[in-house]
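Worksheet: one structure, shown below.
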Amino acid sequence: MKRSPDLAPLWRNAQFHAPTLPATDFSADDRQVLEEAGLLRDAGVGAFARCPHCPDAAAGPVEHETLPDGSTRHFVLCAECGFVILRREHFSGCAPAYGGIVRRLSDALGMARPAEEIEPSLLWKMGQAGFDGKTRHVWAGRALEQIPEAKRPEAGVLFTMGFVPESLLHRDIIRVPVEDVCFWDQGLQIDAILCEAAVAASAVLSEGPKRKAPSKRAGRINLIARLTRYIQNHIRSQQKWGLECFKSNTLWKLAPLPGYRVLAGLFDTSISNLSKAFNDKDAKMLVFVRGIAEDEEKVLDYRG
Ligand SMILES: [Zn+2]
């Protein structure tokens with residue numbers, strides 16, 4: 001099985017205007033997979049590099065020296081190691097392509113038109129979509145403090161990438177972190193059900209309880225989202241436990257997910273409702289995480 005790439009550097013840097021990351025922030029495999037997926041691009045050669053042996057050391061200028069045979073060697077002077085020869089990936093950079101994420105989001109939400117870039121690589125107007133019976137304007141954005149206030153969305157749903165301070169958001173904005181609604185399965189997948197559940201949950205907070213009783217469908221969506229979160233947490237705790245066992249050289253055995261009867265009690269629902277949730281056509285992410293939770297190797301590799 002091919003491991004899913006680590007997406008954390010993409011989210012961590014989303015709050016910066018035009019982030020360029022050292023190529024060494026990614027493994028060579030991850031870089032290739034992310035580049036092929038259109039989520040990362042080569043940003044050329046940088047002038048500074050960190051010593052490859054001392055990742056915590058400060059970056060120094062990259063020196064270039066032409067050798068008698070005409071080839072060039074590149075090096076950096078490290079306070080710990082002294083003269084250190086660099087390979088190209090040590091001082092080349094790559095840039096996250098956040099537009100690639102917005103395109104997938106747009107597909108997942110079934111938007112009629114491609115998103116319109118309001119501020120290059122920072123803010124996209126995605127169109128309108130129905131959430132829980134209400135049509136809302138949908139936006140995607142990051143690094144909002146870099147966008148003039150007049151341009152920032154005032155109402156609707158804003159899918160955010162990376163950290164966005166609440167103080168920059170208008171009162172009527174429903175914020176959904178993209179990180180919370182995506183997963184990697186042969187590519188970056190965005191789960192529409194989780195988007196819908198997150199919007200519904202934030203909408204209740206900002207608008208107060210609705211007069212109308214929630215529809216049957218809304219109840220199902222809510223159950224799928226809660227089950228997905230529950231299984232994700234189960235995977236994370238098992239992964240933590242597994243890694244601790246490896247460190248201390250003790251035997252580890254993956255704890256299975258509770259059966260339907262226990263889950264039904266936990267989620268205050270019937271076994272038939274549970275089974276309908278797992279078999280729902282929109283329970284893609286739920287079924288995906290359940291598959292991971294049943295496999296020791298996949299649990300240890302999980303990056304969500
Ligand atoms: Zn060093």
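Identifiers in the structure tokens: chain A, B, ... in order shown; residue index from 1 per chain; ligand index from 1 in order shown.
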
Rows by chain and residue number, segment 126-205 of chain A within 8 Å of segment 221-244 of chain A, shortest pair, only C-alpha atoms, as CSV:
```
residue,atom,partner,partner_atom,distance
A:Ile193,CA,A:Ile221,CA,6.3
A:Leu194,CA,A:Ala225,CA,5.7
A:Glu196,CA,A:Ile221,CA,7.8
A:Ala197,CA,A:Asn222,CA,5.8
```

Ligand 1: which residues are within 6 Å, counting only C-alpha atoms and all ligand atoms? Reply as a short mmCIF file (atom, residue, chain, number, x, y, z; two decimals) with C-alpha atoms, in the first residue's frame.
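And here's out04.cif as it stands now:
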```cif
data_model
loop_
_atom_site.label_atom_id
_atom_site.label_comp_id
_atom_site.auth_asym_id
_atom_site.auth_seq_id
_atom_site.Cartn_x
_atom_site.Cartn_y
_atom_site.Cartn_z
CA CYS A 51 22.44 21.82 7.60
CA HIS A 53 22.25 16.88 9.80
CA CYS A 54 21.02 19.60 12.18
CA CYS A 78 27.18 24.68 9.98
CA GLU A 80 28.04 22.11 14.61
CA CYS A 81 29.35 20.17 11.60
#
```

> Excluding same-chain residues fewer than 4 positions from segment 124-130 of chain A, what lies within 8 Å of it counting only C-alpha atoms, as a PyMOL selection string?
Replying inline: chain A and resi 102+106+109+111-119+134-141

Emit the selected residues as a PDB file, in the first residue's frame, including N, CA and C atoms.
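Saved the output as out.pdb:
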```pdb
ATOM      1  N   VAL A 102      -8.910  24.072  -3.620  1.00  0.00           N
ATOM      2  CA  VAL A 102     -10.199  24.739  -3.877  1.00  0.00           C
ATOM      3  C   VAL A 102     -10.937  24.037  -5.024  1.00  0.00           C
ATOM      4  N   SER A 106     -14.652  22.494  -4.740  1.00  0.00           N
ATOM      5  CA  SER A 106     -15.702  22.893  -5.654  1.00  0.00           C
ATOM      6  C   SER A 106     -16.390  21.658  -6.262  1.00  0.00           C
ATOM      7  N   LEU A 109     -18.546  19.825  -3.618  1.00  0.00           N
ATOM      8  CA  LEU A 109     -19.803  20.502  -3.280  1.00  0.00           C
ATOM      9  C   LEU A 109     -20.729  20.605  -4.493  1.00  0.00           C
ATOM     10  N   MET A 111     -20.384  22.408  -7.263  1.00  0.00           N
ATOM     11  CA  MET A 111     -20.584  23.791  -7.699  1.00  0.00           C
ATOM     12  C   MET A 111     -20.796  23.853  -9.210  1.00  0.00           C
ATOM     13  N   ALA A 112     -21.632  24.781  -9.645  1.00  0.00           N
ATOM     14  CA  ALA A 112     -21.969  24.873 -11.063  1.00  0.00           C
ATOM     15  C   ALA A 112     -20.795  25.403 -11.888  1.00  0.00           C
ATOM     16  N   ARG A 113     -20.045  26.337 -11.298  1.00  0.00           N
ATOM     17  CA  ARG A 113     -18.947  26.969 -12.042  1.00  0.00           C
ATOM     18  C   ARG A 113     -17.642  26.853 -11.255  1.00  0.00           C
ATOM     19  N   PRO A 114     -16.502  26.977 -11.959  1.00  0.00           N
ATOM     20  CA  PRO A 114     -15.225  26.985 -11.234  1.00  0.00           C
ATOM     21  C   PRO A 114     -15.159  28.214 -10.320  1.00  0.00           C
ATOM     22  N   ALA A 115     -14.422  28.086  -9.227  1.00  0.00           N
ATOM     23  CA  ALA A 115     -14.334  29.186  -8.269  1.00  0.00           C
ATOM     24  C   ALA A 115     -13.658  30.399  -8.908  1.00  0.00           C
ATOM     25  N   GLU A 116     -14.118  31.586  -8.483  1.00  0.00           N
ATOM     26  CA  GLU A 116     -13.537  32.828  -9.000  1.00  0.00           C
ATOM     27  C   GLU A 116     -12.503  33.328  -7.983  1.00  0.00           C
ATOM     28  N   GLU A 117     -11.301  33.589  -8.478  1.00  0.00           N
ATOM     29  CA  GLU A 117     -10.228  34.018  -7.579  1.00  0.00           C
ATOM     30  C   GLU A 117     -10.382  35.514  -7.305  1.00  0.00           C
ATOM     31  N   ILE A 118     -10.756  35.877  -6.095  1.00  0.00           N
ATOM     32  CA  ILE A 118     -10.984  37.281  -5.760  1.00  0.00           C
ATOM     33  C   ILE A 118      -9.648  37.952  -5.418  1.00  0.00           C
ATOM     34  N   GLU A 119      -8.816  37.236  -4.690  1.00  0.00           N
ATOM     35  CA  GLU A 119      -7.470  37.722  -4.361  1.00  0.00           C
ATOM     36  C   GLU A 119      -6.543  36.538  -4.673  1.00  0.00           C
ATOM     37  N   LYS A 134     -31.025  25.727   3.201  1.00  0.00           N
ATOM     38  CA  LYS A 134     -30.812  27.157   3.034  1.00  0.00           C
ATOM     39  C   LYS A 134     -29.696  27.379   2.022  1.00  0.00           C
ATOM     40  N   THR A 135     -29.919  28.287   1.080  1.00  0.00           N
ATOM     41  CA  THR A 135     -28.872  28.563   0.090  1.00  0.00           C
ATOM     42  C   THR A 135     -27.907  29.602   0.656  1.00  0.00           C
ATOM     43  N   ARG A 136     -26.624  29.293   0.556  1.00  0.00           N
ATOM     44  CA  ARG A 136     -25.623  30.208   1.127  1.00  0.00           C
ATOM     45  C   ARG A 136     -24.516  30.469   0.118  1.00  0.00           C
ATOM     46  N   HIS A 137     -23.908  31.656   0.219  1.00  0.00           N
ATOM     47  CA  HIS A 137     -22.704  31.942  -0.561  1.00  0.00           C
ATOM     48  C   HIS A 137     -21.555  31.137   0.027  1.00  0.00           C
ATOM     49  N   VAL A 138     -20.727  30.597  -0.849  1.00  0.00           N
ATOM     50  CA  VAL A 138     -19.612  29.774  -0.377  1.00  0.00           C
ATOM     51  C   VAL A 138     -18.296  30.396  -0.827  1.00  0.00           C
ATOM     52  N   TRP A 139     -17.350  30.460   0.103  1.00  0.00           N
ATOM     53  CA  TRP A 139     -16.031  31.035  -0.150  1.00  0.00           C
ATOM     54  C   TRP A 139     -14.960  30.056   0.309  1.00  0.00           C
ATOM     55  N   ALA A 140     -13.758  30.234  -0.233  1.00  0.00           N
ATOM     56  CA  ALA A 140     -12.607  29.533   0.325  1.00  0.00           C
ATOM     57  C   ALA A 140     -11.525  30.585   0.510  1.00  0.00           C
ATOM     58  N   GLY A 141     -10.801  30.500   1.614  1.00  0.00           N
ATOM     59  CA  GLY A 141      -9.798  31.542   1.841  1.00  0.00           C
ATOM     60  C   GLY A 141      -8.743  31.140   2.845  1.00  0.00           C
TER      61      GLY A 141
END
```

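Taking only C-alpha atoms, the non-local environment of Val176 of chain A within 8 Å (same-chain residues fewer than 6 positions away omitted) comprises Val157, Leu158, Phe159, Thr160, Cys195, Ala198 and Val199 of chain A.
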
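Residues with any atom within 9 Å of Arg3 of chain A, counting only C-alpha atoms and excluding same-chain neighbours fewer than 6 positions away, are Asp30, Lys298, Asp301 and Tyr302 of chain A.
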
> So what do you get for atom CA of Phe163 of chain A versus atom CA of Gly38 of chain A, distance-wise?
Replying inline: 21.9 Å

>> List as a ChimeraX atom specification the protein and nucleic acid residues near segment 4-15 of chain A, meaning an atom at most 10 Å away when only C-alpha atoms are counted, but skip any in the same chain fewer than 6 places from it.
In response: /A:21,25-27,29-34,39-40,95-98,122,141-146,160-165,177-179,183-188,298,301-304

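Straight-line separation from atom CA of Ala47 of chain A to atom CA of Pro68 of chain A: 23.3 Å.
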
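For the pair atom CA of Gln189 of chain A and atom CA of Ile174 of chain A, the interatomic distance is 21.4 Å.
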